[in-house]
>>> print(open('coords.pdb').read())   # PDB, C-alpha atoms
ATOM      1  CA  MET A 920      10.493  36.546  83.143
ATOM      2  CA  ASP A 921      13.168  34.420  81.475
ATOM      3  CA  PHE A 922      12.188  34.685  77.797
ATOM      4  CA  LYS A 923      14.789  32.132  76.749
ATOM      5  CA  ARG A 924      13.111  29.513  78.932
ATOM      6  CA  VAL A 925       9.724  30.492  77.509
ATOM      7  CA  ILE A 926      11.055  30.094  73.970
ATOM      8  CA  LYS A 927      12.431  26.652  74.837
ATOM      9  CA  PHE A 928       9.029  25.711  76.272
ATOM     10  CA  LEU A 929       7.050  26.787  73.185
ATOM     11  CA  PRO A 930       7.875  23.707  71.044
ATOM     12  CA  MET A 931       6.346  21.473  73.713
ATOM     13  CA  VAL A 932       3.186  23.602  73.737
ATOM     14  CA  PHE A 933       3.138  23.451  69.938
ATOM     15  CA  SER A 934       3.466  19.664  70.009
ATOM     16  CA  LEU A 935       0.614  19.261  72.490
ATOM     17  CA  PHE A 936      -1.513  21.630  70.389
ATOM     18  CA  VAL A 937      -0.889  19.566  67.237
ATOM     19  CA  ILE A 938      -1.780  16.321  69.017
ATOM     20  CA  VAL A 939      -5.006  17.776  70.492
ATOM     21  CA  VAL A 940      -6.156  19.345  67.200
ATOM     22  CA  TYR A 941      -5.320  16.169  65.256
ATOM     23  CA  THR A 942      -7.248  14.024  67.751
ATOM     24  CA  LEU A 943     -10.298  16.300  67.701
ATOM     25  CA  ILE A 944     -10.461  16.445  63.899
ATOM     26  CA  TYR A 945      -9.863  12.698  63.624
ATOM     27  CA  GLN A 946     -12.531  11.801  66.164
ATOM     28  CA  LEU A 947     -15.174  14.506  65.650
ATOM     29  CA  THR A 948     -14.775  14.914  61.840
ATOM     30  CA  PRO A 949     -16.091  18.515  61.933
ATOM     31  CA  PHE A 950     -15.560  19.126  58.196
ATOM     32  CA  SER A 951     -16.347  17.263  55.009
ATOM     33  CA  ALA A 952     -14.442  14.011  54.390
ATOM     34  CA  PHE A 953     -12.061  15.790  51.986
ATOM     35  CA  PHE A 954     -11.150  18.580  54.405
ATOM     36  CA  ASN A 955     -10.889  16.222  57.381
ATOM     37  CA  ASP A 956      -8.343  14.149  55.449
ATOM     38  CA  LEU A 957      -6.584  17.300  54.260
ATOM     39  CA  ALA A 958      -6.290  18.625  57.818
ATOM     40  CA  THR A 959      -4.986  15.375  59.346
ATOM     41  CA  ASN A 960      -2.542  14.815  56.470
ATOM     42  CA  LEU A 961      -1.314  18.400  56.799
ATOM     43  CA  LEU A 962      -0.780  18.009  60.556
ATOM     44  CA  THR A 963       1.210  14.820  59.977
ATOM     45  CA  PHE A 964       3.389  16.619  57.431
ATOM     46  CA  ILE A 965       3.851  19.561  59.829
ATOM     47  CA  SER A 966       5.005  17.137  62.533
ATOM     48  CA  ALA A 967       7.496  15.510  60.139
ATOM     49  CA  ALA A 968       8.713  18.948  59.005
ATOM     50  CA  PHE A 969       9.111  19.927  62.667
ATOM     51  CA  ALA A 970      11.417  16.933  63.234
ATOM     52  CA  ALA A 971      13.350  17.706  60.031
ATOM     53  CA  SER A 972      13.743  21.373  61.035
ATOM     54  CA  ALA A 973      14.976  20.447  64.506
ATOM     55  CA  VAL A 974      17.659  18.070  63.254
ATOM     56  CA  THR A 975      18.667  20.621  60.607
ATOM     57  CA  LEU A 976      19.275  23.156  63.386
ATOM     58  CA  VAL A 977      21.640  20.673  65.045
ATOM     59  CA  TRP A 978      23.410  20.073  61.722
ATOM     60  CA  LEU A 979      23.863  23.788  60.998
ATOM     61  CA  SER A 980      25.140  24.474  64.521
ATOM     62  CA  TYR A 981      28.395  22.814  63.429
ATOM     63  CA  SER A 982      30.866  24.295  60.989
ATOM     64  CA  LYS A 983      32.019  22.347  57.945
ATOM     65  CA  GLU A 984      35.376  21.733  59.629
ATOM     66  CA  ASP A 985      33.724  19.927  62.561
ATOM     67  CA  MET A 986      33.623  16.139  62.295
ATOM     68  CA  PRO A 987      29.951  15.892  63.379
ATOM     69  CA  PHE A 988      28.914  18.189  60.489
ATOM     70  CA  ALA A 989      28.757  15.374  57.918
ATOM     71  CA  ILE A 990      27.081  13.041  60.432
ATOM     72  CA  TRP A 991      24.239  15.417  61.187
ATOM     73  CA  ARG A 992      23.909  16.325  57.517
ATOM     74  CA  SER A 993      23.017  12.677  56.839
ATOM     75  CA  PHE A 994      20.472  12.705  59.664
ATOM     76  CA  ALA A 995      18.985  15.980  58.401
ATOM     77  CA  PHE A 996      18.704  14.665  54.831
ATOM     78  CA  GLY A 997      17.054  11.535  56.201
ATOM     79  CA  PHE A 998      14.315  13.444  58.005
ATOM     80  CA  MET A 999      13.903  15.781  55.038
ATOM     81  CA  ALA A1000      13.250  12.687  52.917
ATOM     82  CA  TRP A1001      10.682  11.503  55.466
ATOM     83  CA  ALA A1002       8.927  14.891  55.525
ATOM     84  CA  LEU A1003       8.820  14.881  51.719
ATOM     85  CA  ALA A1004       7.454  11.324  51.843
ATOM     86  CA  GLU A1005       4.606  12.503  54.073
ATOM     87  CA  LEU A1006       3.833  15.297  51.609
ATOM     88  CA  VAL A1007       3.899  12.931  48.606
ATOM     89  CA  TRP A1008       1.750  10.362  50.433
ATOM     90  CA  ALA A1009      -0.777  13.046  51.396
ATOM     91  CA  PHE A1010      -0.941  14.392  47.831
ATOM     92  CA  ILE A1011      -1.579  10.949  46.345
ATOM     93  CA  ASN A1012      -4.090  10.164  49.082
ATOM     94  CA  MET A1013      -6.054  13.343  48.373
ATOM     95  CA  ILE A1014      -5.985  12.890  44.593
ATOM     96  CA  ALA A1015      -6.268   9.127  44.097
ATOM     97  CA  LEU A1016      -7.596   8.086  47.542
ATOM     98  CA  GLU A1017      -5.723   4.754  47.326
ATOM     99  CA  VAL A1018      -1.973   5.146  47.863
ATOM    100  CA  PRO A1019       0.014   2.488  45.967
ATOM    101  CA  VAL A1020       2.382   0.260  47.949
ATOM    102  CA  PRO A1021       5.191   0.346  47.072
ATOM    103  CA  GLY A1022       5.084   3.869  45.724
ATOM    104  CA  PRO A1023       7.115   7.092  45.565
ATOM    105  CA  ALA A1024       6.466   7.822  49.249
ATOM    106  CA  ASP A1025       7.892   4.420  50.234
ATOM    107  CA  ALA A1026      10.992   5.129  48.138
ATOM    108  CA  LEU A1027      11.532   8.367  50.081
ATOM    109  CA  TRP A1028      10.996   6.696  53.470
ATOM    110  CA  TYR A1029      13.544   4.001  52.686
ATOM    111  CA  LEU A1030      15.912   6.645  51.306
ATOM    112  CA  GLY A1031      15.628   8.233  54.744
ATOM    113  CA  TYR A1032      16.685   4.955  56.362
ATOM    114  CA  ALA A1033      19.722   4.898  54.049
ATOM    115  CA  PHE A1034      20.722   8.407  55.170
ATOM    116  CA  PHE A1035      20.228   7.446  58.831
ATOM    117  CA  THR A1036      22.405   4.360  58.403
ATOM    118  CA  HIS A1037      25.153   6.436  56.760
ATOM    119  CA  GLY A1038      25.027   8.930  59.632
ATOM    120  CA  PHE A1039      25.139   6.200  62.280
ATOM    121  CA  VAL A1040      28.092   4.490  60.601
ATOM    122  CA  ARG A1041      30.045   7.756  60.561
ATOM    123  CA  GLN A1042      29.128   8.372  64.208
ATOM    124  CA  TYR A1043      30.284   4.884  65.206
ATOM    125  CA  ARG A1044      33.595   5.454  63.408
ATOM    126  CA  LEU A1045      33.991   8.706  65.346
ATOM    127  CA  THR A1046      32.949   7.210  68.696
ATOM    128  CA  TYR A1047      34.647   3.816  68.622
ATOM    129  CA  PRO A1048      38.194   2.979  67.463
ATOM    130  CA  ILE A1049      36.875   0.587  64.803
ATOM    131  CA  GLN A1050      37.967   0.217  61.191
ATOM    132  CA  SER A1051      35.534   1.577  58.628
ATOM    133  CA  ARG A1052      34.926  -1.749  56.879
ATOM    134  CA  ILE A1053      34.030  -3.438  60.183
ATOM    135  CA  VAL A1054      31.415  -0.774  60.926
ATOM    136  CA  TRP A1055      29.931  -1.083  57.439
ATOM    137  CA  ARG A1056      29.854  -4.872  57.750
ATOM    138  CA  GLY A1057      28.025  -4.526  61.052
ATOM    139  CA  ALA A1058      25.469  -2.186  59.470
ATOM    140  CA  ALA A1059      25.074  -4.554  56.512
ATOM    141  CA  LEU A1060      24.480  -7.458  58.912
ATOM    142  CA  VAL A1061      21.756  -5.508  60.728
ATOM    143  CA  TRP A1062      20.012  -4.749  57.434
ATOM    144  CA  PHE A1063      20.397  -8.368  56.291
ATOM    145  CA  ILE A1064      18.582  -9.437  59.464
ATOM    146  CA  VAL A1065      15.898  -6.792  58.843
ATOM    147  CA  ILE A1066      15.303  -8.064  55.303
ATOM    148  CA  ALA A1067      15.327 -11.715  56.371
ATOM    149  CA  LEU A1068      12.892 -11.197  59.261
ATOM    150  CA  SER A1069      10.516  -9.021  57.242
ATOM    151  CA  LEU A1070      10.532 -11.544  54.377
ATOM    152  CA  ALA A1071       9.774 -14.343  56.814
ATOM    153  CA  ALA A1072       6.976 -12.317  58.432
ATOM    154  CA  SER A1073       5.471 -11.446  55.030
ATOM    155  CA  GLY A1074       4.900 -15.091  54.163
ATOM    156  CA  VAL A1075       7.815 -16.045  51.916
ATOM    157  CA  GLY A1076       7.628 -19.778  51.355
ATOM    158  CA  GLN A1077       4.052 -19.931  52.643
ATOM    159  CA  PRO A1078       1.156 -21.354  50.579
ATOM    160  CA  GLN A1079      -0.431 -17.914  50.086
ATOM    161  CA  GLY A1080       2.725 -16.725  48.313
ATOM    162  CA  PHE A1081       4.784 -13.549  48.521
ATOM    163  CA  SER A1082       3.194 -10.082  48.531
ATOM    164  CA  LEU A1083       5.474  -7.130  47.769
ATOM    165  CA  ALA A1084       3.020  -4.671  49.364
ATOM    166  CA  LEU A1085       2.869  -6.761  52.535
ATOM    167  CA  TRP A1086       6.657  -7.012  52.668
ATOM    168  CA  VAL A1087       7.090  -3.234  52.270
ATOM    169  CA  ASP A1088       4.622  -2.560  55.096
ATOM    170  CA  ILE A1089       6.111  -5.173  57.411
ATOM    171  CA  ALA A1090       9.682  -4.017  56.750
ATOM    172  CA  TYR A1091       8.942  -0.607  58.310
ATOM    173  CA  PRO A1092       8.776  -1.694  61.973
ATOM    174  CA  PHE A1093      11.840  -3.916  61.488
ATOM    175  CA  SER A1094      13.688  -0.946  59.945
ATOM    176  CA  ASP A1095      12.675   1.235  62.893
ATOM    177  CA  ILE A1096      14.035  -1.419  65.247
ATOM    178  CA  ALA A1097      17.312  -1.391  63.278
ATOM    179  CA  MET A1098      17.594   2.373  63.906
ATOM    180  CA  LEU A1099      16.805   1.701  67.555
ATOM    181  CA  VAL A1100      19.617  -0.876  67.723
ATOM    182  CA  PHE A1101      22.080   1.642  66.254
ATOM    183  CA  ALA A1102      20.864   4.250  68.759
ATOM    184  CA  PHE A1103      21.218   1.916  71.752
ATOM    185  CA  GLY A1104      24.854   1.335  70.815
ATOM    186  CA  LEU A1105      25.485   5.071  70.945
ATOM    187  CA  ALA A1106      23.405   5.479  74.100
ATOM    188  CA  TRP A1107      25.730   2.939  75.712
ATOM    189  CA  ALA A1108      28.786   4.844  74.477
ATOM    190  CA  PHE A1109      27.464   8.165  75.747
ATOM    191  CA  ARG A1110      26.011   6.561  78.899
ATOM    192  CA  GLY A1111      22.519   7.745  78.020
ATOM    193  CA  GLY A1112      23.749  11.058  76.645
ATOM    194  CA  ALA A1113      21.629  13.636  74.855
ATOM    195  CA  PHE A1114      22.766  12.508  71.401
ATOM    196  CA  ALA A1115      21.029   9.141  71.583
ATOM    197  CA  ARG A1116      17.809  10.226  73.300
ATOM    198  CA  PRO A1117      15.903  11.445  70.209
ATOM    199  CA  TRP A1118      16.673   8.172  68.443
ATOM    200  CA  LEU A1119      15.154   6.120  71.248
ATOM    201  CA  SER A1120      11.793   7.431  70.053
ATOM    202  CA  MET A1121      12.229   5.082  67.078
ATOM    203  CA  ALA A1122      10.611   2.567  69.451
ATOM    204  CA  VAL A1123       7.405   4.607  69.075
ATOM    205  CA  PHE A1124       7.725   4.476  65.282
ATOM    206  CA  ALA A1125       8.314   0.708  65.457
ATOM    207  CA  LEU A1126       5.180   0.199  67.553
ATOM    208  CA  SER A1127       3.082   2.486  65.361
ATOM    209  CA  ASP A1128       4.328   1.012  62.063
ATOM    210  CA  GLY A1129       3.935  -2.529  63.360
ATOM    211  CA  LEU A1130       0.338  -1.958  64.480
ATOM    212  CA  TYR A1131      -0.461  -0.167  61.209
ATOM    213  CA  ALA A1132       0.911  -3.004  59.071
ATOM    214  CA  TRP A1133      -1.044  -5.567  61.076
ATOM    215  CA  LEU A1134      -4.291  -3.573  60.935
ATOM    216  CA  VAL A1135      -4.042  -2.853  57.197
ATOM    217  CA  GLN A1136      -3.201  -6.419  56.192
ATOM    218  CA  SER A1137      -5.908  -7.876  58.427
ATOM    219  CA  GLY A1138      -8.513  -5.447  57.099
ATOM    220  CA  ALA A1139      -9.107  -4.126  60.614
ATOM    221  CA  TYR A1140      -7.830  -0.630  59.737
ATOM    222  CA  ALA A1141     -10.605   0.122  57.232
ATOM    223  CA  TRP A1142     -13.185  -1.492  59.535
ATOM    224  CA  SER A1143     -11.975   0.546  62.520
ATOM    225  CA  ILE A1144     -12.275   3.826  60.597
ATOM    226  CA  GLU A1145     -15.802   3.065  59.385
ATOM    227  CA  ALA A1146     -16.910   1.828  62.813
ATOM    228  CA  GLY A1147     -15.375   4.783  64.633
ATOM    229  CA  ASN A1148     -13.206   2.423  66.649
ATOM    230  CA  PRO A1149     -10.460   4.246  68.628
ATOM    231  CA  LEU A1150      -7.821   1.706  67.571
ATOM    232  CA  THR A1151      -6.926   3.540  64.341
ATOM    233  CA  LEU A1152      -6.948   6.836  66.235
ATOM    234  CA  PHE A1153      -4.425   5.404  68.687
ATOM    235  CA  VAL A1154      -2.134   4.141  65.902
ATOM    236  CA  ASP A1155      -2.246   7.353  63.853
ATOM    237  CA  VAL A1156      -1.814   9.654  66.862
ATOM    238  CA  LEU A1157       1.088   7.480  68.016
ATOM    239  CA  TYR A1158       2.735   7.918  64.596
ATOM    240  CA  LEU A1159       2.226  11.694  64.679
ATOM    241  CA  THR A1160       3.536  11.831  68.249
ATOM    242  CA  ALA A1161       6.701   9.956  67.271
ATOM    243  CA  TYR A1162       7.674  12.768  64.885
ATOM    244  CA  LEU A1163       7.024  15.362  67.583
ATOM    245  CA  ILE A1164       9.057  13.445  70.176
ATOM    246  CA  VAL A1165      11.959  13.221  67.720
ATOM    247  CA  GLY A1166      11.692  16.942  67.014
ATOM    248  CA  LEU A1167      11.655  17.849  70.706
ATOM    249  CA  GLY A1168      14.633  15.579  71.332
ATOM    250  CA  PHE A1169      16.700  17.180  68.595
ATOM    251  CA  LEU A1170      15.732  20.667  69.775
ATOM    252  CA  SER A1171      17.008  19.683  73.211
ATOM    253  CA  GLN A1172      20.248  18.592  71.554
ATOM    254  CA  TYR A1173      20.432  21.925  69.697
ATOM    255  CA  HIS A1174      19.973  23.980  72.878
ATOM    256  CA  LEU A1175      22.564  21.835  74.645
ATOM    257  CA  LEU A1176      25.090  22.584  71.908
ATOM    258  CA  LYS A1177      24.263  26.286  72.078
ATOM    259  CA  ASP A1178      24.691  26.365  75.855
ATOM    260  CA  MET A1179      28.005  24.484  75.880
ATOM    261  CA  PRO A1180      30.200  27.599  75.353
ATOM    262  CA  LYS A1181      28.411  29.302  78.280
ATOM    263  CA  ILE A1182      28.972  26.248  80.467
ATOM    264  CA  ARG A1183      32.677  26.254  79.570
ATOM    265  CA  ILE A1184      32.938  29.965  80.479
ATOM    266  CA  ARG A1185      31.340  29.319  83.879
ATOM    267  CA  LEU A1186      33.702  26.458  84.551
ATOM    268  CA  ASP A1187      36.704  28.561  83.559
ATOM    269  CA  ASN A1188      35.605  31.284  85.978
ATOM    270  CA  LEU A1189      35.551  28.748  88.797
ATOM    271  CA  GLU A1190      39.201  27.815  88.290
TER
END
>>> encode(input="coords.pdb", output="C-alpha cells")
Amino acid sequence: MDFKRVIKFLPMVFSLFVIVVYTLIYQLTPFSAFFNDLATNLLTFISAAFAASAVTLVWLSYSKEDMPFAIWRSFAFGFMAWALAELVWAFINMIALEVPVPGPADALWYLGYAFFTHGFVRQYRLTYPIQSRIVWRGAALVWFIVIALSLAASGVGQPQGFSLALWVDIAYPFSDIAMLVFAFGLAWAFRGGAFARPWLSMAVFALSDGLYAWLVQSGAYAWSIEAGNPLTLFVDVLYLTAYLIVGLGFLSQYHLLKDMPKIRIRLDNLE
C-alpha cells in the first residue's frame, strides 16, 4: 500500500465527511437549537481553518529568499483573516443571535480581500513584465468597478435610499468576482496551471454570497429556515464547500511543490 497516496486522499475524505455531517445536522436538527447552531458554525470555521492551513503550508514551503514567499504570505494572511472572521461571526451569533452588518466579522473578511489583492499584485509583477504602478492601477480599477456596481445594486439614487448593511452584503459577491478576475489572468499566464486552480473556486463563493445577500434582503432566508425549505441548506452548504474546495486546491499545490525536486531528479536521470 502506498501510504503517501493514502495521506493525500485523506483531505478529500475529511471534506466529504464535513459536508455530510453539516448537511445532516442542518436538515435533521438532532440537538437543541443552541447546539445545532454551535455545531454548524463550528464546522464552517473548521472548513475556513482548513483552507487557511492549506495555503499556509504552501507559503511555508518557500524560503524567505524565494520571490513567491511574500506572495503566499499575503494569501495565507488573507485566509487567516477569513477564518478569524468565521470565528468572530459564530461567537456573536451564539451570544447575541443577531449579527450586526457591518460588524467586526465584515472588517476581517474585507481585510482578507485586501491581503488577496496585495498577493495578486505581487504575483502579476512576478509573472508579467509590467511596471508596479500599472499593476496597482489595474487592481484599483477592478475595485472601483466592484464598489460602483455594488453601490448601484444596493439602491444608491433609488427612492428607498441607501442601506449600508445592504451594500456590505451585496459587495461580497462582487468582491469574489474581482478575485476570480485576478485568478483568470494568472490561469491564462500559466495556461490553466495549478497555481490558479484553487482561486477559480471563488466562483462558488460568488454564487453562494450572491444568493445569500438576495435571500437575506428579500426576507426569504428567515422564511426558508422556519419552513424547512432546502434553499438555505443549498446556499450554506455551498459556502462551506467553497472553503473545502479552496483548501483541497491549495493542498494539491503544496504536494506539487513538494514533488518537484523528485521530478527534477527523474528527469536528470533520463539525460
>>> resolve_selection(input="coords.pdb", expression="the PyMOL selection byres ((chain A and resi 1118) around 8)", output="ChimeraX atom specification")
/A:1098-1099,1102,1115-1117,1119-1121,1165
>>> axis_aligned_box(input="coords.pdb", around="range 1019-1038 of chain A", padding_each_side="6 Å", output="JSON")
{"center_x": 12.6, "center_y": 4.6, "center_z": 52.6, "size_x": 37.1, "size_y": 20.7, "size_z": 26.1}
>>> residues_near_point(input="coords.pdb", point="(9.8, 4.8, 67.9)", cutoff="9 Å", atoms="all atoms listed in the file", output="PyMOL selection string")
chain A and resi 1092+1095-1096+1099+1118-1128+1158+1161-1162+1164-1165
>>> resolve_selection(input="coords.pdb", expression="the PyMOL selection byres ((chain A and resi 937) around 10)", output="count of residues only")
21
>>> residues_around(input="coords.pdb", residues="Trp1086 in chain A", least_positions_apart="2", cutoff="8 Å", atoms="all atoms listed in the file", output="CSV table (one decimal) with C-alpha atoms, in the frame of the given file")
chain,number,residue,atom,x,y,z
A,1069,SER,CA,10.5,-9.0,57.2
A,1070,LEU,CA,10.5,-11.5,54.4
A,1072,ALA,CA,7.0,-12.3,58.4
A,1073,SER,CA,5.5,-11.4,55.0
A,1081,PHE,CA,4.8,-13.5,48.5
A,1082,SER,CA,3.2,-10.1,48.5
A,1083,LEU,CA,5.5,-7.1,47.8
A,1084,ALA,CA,3.0,-4.7,49.4
A,1088,ASP,CA,4.6,-2.6,55.1
A,1089,ILE,CA,6.1,-5.2,57.4
A,1090,ALA,CA,9.7,-4.0,56.8
>>> atom_distance(input="coords.pdb", atom1="CA of Gly1129 in chain A", atom2="CA of Leu1085 in chain A")
11.7 Å
>>> decode(input="coords.pdb", residues="range 993-1014 of chain A", atoms="N, CA, C and O atoms", output="PDB file, in the first residue's frame")
ATOM      1  N   SER A 993       0.892  36.793   1.830  1.00  0.00           N
ATOM      2  CA  SER A 993      -0.315  37.622   1.725  1.00  0.00           C
ATOM      3  C   SER A 993      -1.561  36.757   1.601  1.00  0.00           C
ATOM      4  O   SER A 993      -2.586  37.016   2.239  1.00  0.00           O
ATOM      5  N   PHE A 994      -1.478  35.706   0.773  1.00  0.00           N
ATOM      6  CA  PHE A 994      -2.627  34.813   0.617  1.00  0.00           C
ATOM      7  C   PHE A 994      -2.948  34.102   1.933  1.00  0.00           C
ATOM      8  O   PHE A 994      -4.121  33.941   2.297  1.00  0.00           O
ATOM      9  N   ALA A 995      -1.901  33.667   2.641  1.00  0.00           N
ATOM     10  CA  ALA A 995      -2.111  32.976   3.917  1.00  0.00           C
ATOM     11  C   ALA A 995      -2.749  33.907   4.936  1.00  0.00           C
ATOM     12  O   ALA A 995      -3.707  33.528   5.634  1.00  0.00           O
ATOM     13  N   PHE A 996      -2.256  35.149   5.029  1.00  0.00           N
ATOM     14  CA  PHE A 996      -2.835  36.113   5.964  1.00  0.00           C
ATOM     15  C   PHE A 996      -4.293  36.407   5.599  1.00  0.00           C
ATOM     16  O   PHE A 996      -5.134  36.613   6.479  1.00  0.00           O
ATOM     17  N   GLY A 997      -4.582  36.414   4.301  1.00  0.00           N
ATOM     18  CA  GLY A 997      -5.950  36.662   3.870  1.00  0.00           C
ATOM     19  C   GLY A 997      -6.906  35.579   4.351  1.00  0.00           C
ATOM     20  O   GLY A 997      -7.980  35.871   4.891  1.00  0.00           O
ATOM     21  N   PHE A 998      -6.507  34.320   4.183  1.00  0.00           N
ATOM     22  CA  PHE A 998      -7.387  33.231   4.622  1.00  0.00           C
ATOM     23  C   PHE A 998      -7.401  33.088   6.137  1.00  0.00           C
ATOM     24  O   PHE A 998      -8.403  32.635   6.715  1.00  0.00           O
ATOM     25  N   MET A 999      -6.317  33.484   6.801  1.00  0.00           N
ATOM     26  CA  MET A 999      -6.349  33.528   8.266  1.00  0.00           C
ATOM     27  C   MET A 999      -7.377  34.554   8.741  1.00  0.00           C
ATOM     28  O   MET A 999      -8.112  34.315   9.712  1.00  0.00           O
ATOM     29  N   ALA A1000      -7.414  35.701   8.058  1.00  0.00           N
ATOM     30  CA  ALA A1000      -8.401  36.732   8.405  1.00  0.00           C
ATOM     31  C   ALA A1000      -9.815  36.218   8.188  1.00  0.00           C
ATOM     32  O   ALA A1000     -10.716  36.472   8.999  1.00  0.00           O
ATOM     33  N   TRP A1001     -10.015  35.448   7.112  1.00  0.00           N
ATOM     34  CA  TRP A1001     -11.348  34.892   6.849  1.00  0.00           C
ATOM     35  C   TRP A1001     -11.728  33.851   7.904  1.00  0.00           C
ATOM     36  O   TRP A1001     -12.887  33.810   8.344  1.00  0.00           O
ATOM     37  N   ALA A1002     -10.786  33.002   8.295  1.00  0.00           N
ATOM     38  CA  ALA A1002     -11.076  32.006   9.331  1.00  0.00           C
ATOM     39  C   ALA A1002     -11.416  32.689  10.650  1.00  0.00           C
ATOM     40  O   ALA A1002     -12.357  32.287  11.352  1.00  0.00           O
ATOM     41  N   LEU A1003     -10.669  33.748  10.977  1.00  0.00           N
ATOM     42  CA  LEU A1003     -10.957  34.507  12.199  1.00  0.00           C
ATOM     43  C   LEU A1003     -12.320  35.182  12.093  1.00  0.00           C
ATOM     44  O   LEU A1003     -13.061  35.256  13.084  1.00  0.00           O
ATOM     45  N   ALA A1004     -12.668  35.653  10.898  1.00  0.00           N
ATOM     46  CA  ALA A1004     -13.984  36.267  10.689  1.00  0.00           C
ATOM     47  C   ALA A1004     -15.101  35.264  10.961  1.00  0.00           C
ATOM     48  O   ALA A1004     -16.124  35.613  11.569  1.00  0.00           O
ATOM     49  N   GLU A1005     -14.911  34.027  10.518  1.00  0.00           N
ATOM     50  CA  GLU A1005     -15.918  32.991  10.768  1.00  0.00           C
ATOM     51  C   GLU A1005     -16.066  32.747  12.270  1.00  0.00           C
ATOM     52  O   GLU A1005     -17.189  32.569  12.767  1.00  0.00           O
ATOM     53  N   LEU A1006     -14.943  32.752  12.977  1.00  0.00           N
ATOM     54  CA  LEU A1006     -14.977  32.524  14.426  1.00  0.00           C
ATOM     55  C   LEU A1006     -15.681  33.679  15.134  1.00  0.00           C
ATOM     56  O   LEU A1006     -16.516  33.463  16.027  1.00  0.00           O
ATOM     57  N   VAL A1007     -15.361  34.912  14.744  1.00  0.00           N
ATOM     58  CA  VAL A1007     -15.988  36.097  15.343  1.00  0.00           C
ATOM     59  C   VAL A1007     -17.485  36.112  15.049  1.00  0.00           C
ATOM     60  O   VAL A1007     -18.308  36.378  15.933  1.00  0.00           O
ATOM     61  N   TRP A1008     -17.839  35.816  13.788  1.00  0.00           N
ATOM     62  CA  TRP A1008     -19.260  35.795  13.407  1.00  0.00           C
ATOM     63  C   TRP A1008     -20.015  34.751  14.225  1.00  0.00           C
ATOM     64  O   TRP A1008     -21.120  35.007  14.717  1.00  0.00           O
ATOM     65  N   ALA A1009     -19.413  33.564  14.371  1.00  0.00           N
ATOM     66  CA  ALA A1009     -20.064  32.492  15.128  1.00  0.00           C
ATOM     67  C   ALA A1009     -20.239  32.883  16.591  1.00  0.00           C
ATOM     68  O   ALA A1009     -21.297  32.635  17.191  1.00  0.00           O
ATOM     69  N   PHE A1010     -19.233  33.515  17.176  1.00  0.00           N
ATOM     70  CA  PHE A1010     -19.299  33.924  18.579  1.00  0.00           C
ATOM     71  C   PHE A1010     -20.432  34.927  18.794  1.00  0.00           C
ATOM     72  O   PHE A1010     -21.239  34.787  19.724  1.00  0.00           O
ATOM     73  N   ILE A1011     -20.493  35.935  17.928  1.00  0.00           N
ATOM     74  CA  ILE A1011     -21.556  36.940  18.049  1.00  0.00           C
ATOM     75  C   ILE A1011     -22.921  36.306  17.825  1.00  0.00           C
ATOM     76  O   ILE A1011     -23.897  36.614  18.525  1.00  0.00           O
ATOM     77  N   ASN A1012     -22.998  35.415  16.856  1.00  0.00           N
ATOM     78  CA  ASN A1012     -24.257  34.735  16.550  1.00  0.00           C
ATOM     79  C   ASN A1012     -24.759  33.904  17.722  1.00  0.00           C
ATOM     80  O   ASN A1012     -25.965  33.858  18.005  1.00  0.00           O
ATOM     81  N   MET A1013     -23.837  33.263  18.443  1.00  0.00           N
ATOM     82  CA  MET A1013     -24.229  32.422  19.569  1.00  0.00           C
ATOM     83  C   MET A1013     -24.591  33.258  20.787  1.00  0.00           C
ATOM     84  O   MET A1013     -25.453  32.862  21.588  1.00  0.00           O
ATOM     85  N   ILE A1014     -23.959  34.423  20.926  1.00  0.00           N
ATOM     86  CA  ILE A1014     -24.192  35.259  22.107  1.00  0.00           C
ATOM     87  C   ILE A1014     -25.369  36.204  21.908  1.00  0.00           C
ATOM     88  O   ILE A1014     -26.261  36.313  22.761  1.00  0.00           O
TER      89      ILE A1014
END
